[in-house]
Amino acid sequence: MTKWAVVKFLEFVDQKRGGVLVASEVIRDTNGAFEAARRVYYIVNNTGDAIKRGGHYHPHGGKQEIWLVPVGRVTTNLHSAKECQEVVLDSRDRALFIPGDVWHDARLDPGTVLICIASTNYNPAESISSLPSCACKKL
């Protein structure tokens, strides 16, 4: 199993023209674990309350994801057979790589935008909601 990882993106501030460019060489930044994007989607929390999304995993060999949060804050619980961790994404120059066999959910604070880059096309049959065998068993 490949472990999840927080990935640092490069950030370039253009003092002359204004704006910020944030970039990643994804294959390099994930040590070759994420090679191609098939689908990009995003979730916007336009409510006044936090929302919870996800709560599933993709069997080994299934979809891998990279999550970016250019605006706001996402808290995610990650569960694998060997470990569990809560990760907070609240910086535009950090992303989260999620391998296929890691259970994950996302709590989006109000005003948050979560961009997801997926290695496969959408297939609802590949998402399994039950928590896999996990030592911590907490959610």
# chains A, B, ... in the order shown; residues from 1 in each chain; ligands from 1

$ residues_around --residues "Ala33 (chain A)" --least-positions-apart "5" --cutoff "10 Å" --atoms "only C-alpha atoms" --output "JSON, numbers by chain"
{"A": [2, 3, 4, 26, 27, 28, 64, 97, 98, 99]}

$ write_last_selection --atoms "N, CA and C atoms" --output "PDB file, in the first residue's frame"
ATOM      1  N   THR A   2       0.491   2.197  -0.763  1.00  0.00           N
ATOM      2  CA  THR A   2       1.131   3.496  -0.734  1.00  0.00           C
ATOM      3  C   THR A   2       0.478   4.311   0.363  1.00  0.00           C
ATOM      4  N   LYS A   3       1.274   5.034   1.137  1.00  0.00           N
ATOM      5  CA  LYS A   3       0.745   5.837   2.232  1.00  0.00           C
ATOM      6  C   LYS A   3       0.292   7.199   1.708  1.00  0.00           C
ATOM      7  N   TRP A   4      -0.679   7.786   2.396  1.00  0.00           N
ATOM      8  CA  TRP A   4      -1.075   9.145   2.040  1.00  0.00           C
ATOM      9  C   TRP A   4       0.066  10.086   2.387  1.00  0.00           C
ATOM     10  N   VAL A  26       3.242  16.734 -10.481  1.00  0.00           N
ATOM     11  CA  VAL A  26       2.562  15.735  -9.662  1.00  0.00           C
ATOM     12  C   VAL A  26       3.326  14.416  -9.568  1.00  0.00           C
ATOM     13  N   ILE A  27       3.858  13.921 -10.661  1.00  0.00           N
ATOM     14  CA  ILE A  27       4.595  12.652 -10.605  1.00  0.00           C
ATOM     15  C   ILE A  27       5.792  12.787  -9.667  1.00  0.00           C
ATOM     16  N   ARG A  28       6.516  13.891  -9.788  1.00  0.00           N
ATOM     17  CA  ARG A  28       7.665  14.121  -8.907  1.00  0.00           C
ATOM     18  C   ARG A  28       7.229  14.288  -7.460  1.00  0.00           C
ATOM     19  N   GLN A  64      -7.077   7.008  -7.138  1.00  0.00           N
ATOM     20  CA  GLN A  64      -6.226   7.807  -6.262  1.00  0.00           C
ATOM     21  C   GLN A  64      -6.673   9.248  -6.423  1.00  0.00           C
ATOM     22  N   PHE A  97      -2.261  13.760  -1.048  1.00  0.00           N
ATOM     23  CA  PHE A  97      -2.344  12.598  -1.923  1.00  0.00           C
ATOM     24  C   PHE A  97      -3.018  11.483  -1.151  1.00  0.00           C
ATOM     25  N   ILE A  98      -4.086  10.900  -1.724  1.00  0.00           N
ATOM     26  CA  ILE A  98      -4.834   9.826  -1.064  1.00  0.00           C
ATOM     27  C   ILE A  98      -4.795   8.591  -1.953  1.00  0.00           C
ATOM     28  N   PRO A  99      -4.103   7.526  -1.524  1.00  0.00           N
ATOM     29  CA  PRO A  99      -4.092   6.278  -2.296  1.00  0.00           C
ATOM     30  C   PRO A  99      -5.479   5.627  -2.299  1.00  0.00           C
TER      31      PRO A  99
END

$ residues_around --residues "region 107-113 of chain A" --least-positions-apart "6" --cutoff "12 Å" --atoms "only C-alpha atoms" --output "JSON, numbers by chain"
{"A": [41, 42, 43, 44, 45, 46, 47, 48, 49, 50, 51, 52, 53, 54, 55, 67, 68, 69, 70, 71, 72, 73, 74, 75, 76, 77, 86, 87, 88, 89, 90, 91, 92]}

$ select_by_dssp --residues "chain A" --states "strand (DSSP E or B)" --output "number ranges by chain"
A: 5-8, 10-13, 20-23, 39-44, 51-57, 65-71, 74-79, 84-89, 94-98, 103-108, 113-118, 128

$ closest_residue --among "A:Asn121, A:Arg39, A:Phe9, A:Ser130" --to "Val22 (chain A)" --atoms "only C-alpha atoms"
A:Phe9

$ residues_around --residues "Cys134 (chain A)" --least-positions-apart "2" --cutoff "8 Å" --atoms "only C-alpha atoms" --output "number ranges by chain"
A: 79-84, 131-132, 136-137

$ closest_residue --among "A:Ile66, A:Lys8, A:Ser127, A:Trp103" --to "Ala37 (chain A)" --atoms "only C-alpha atoms"
A:Ile66
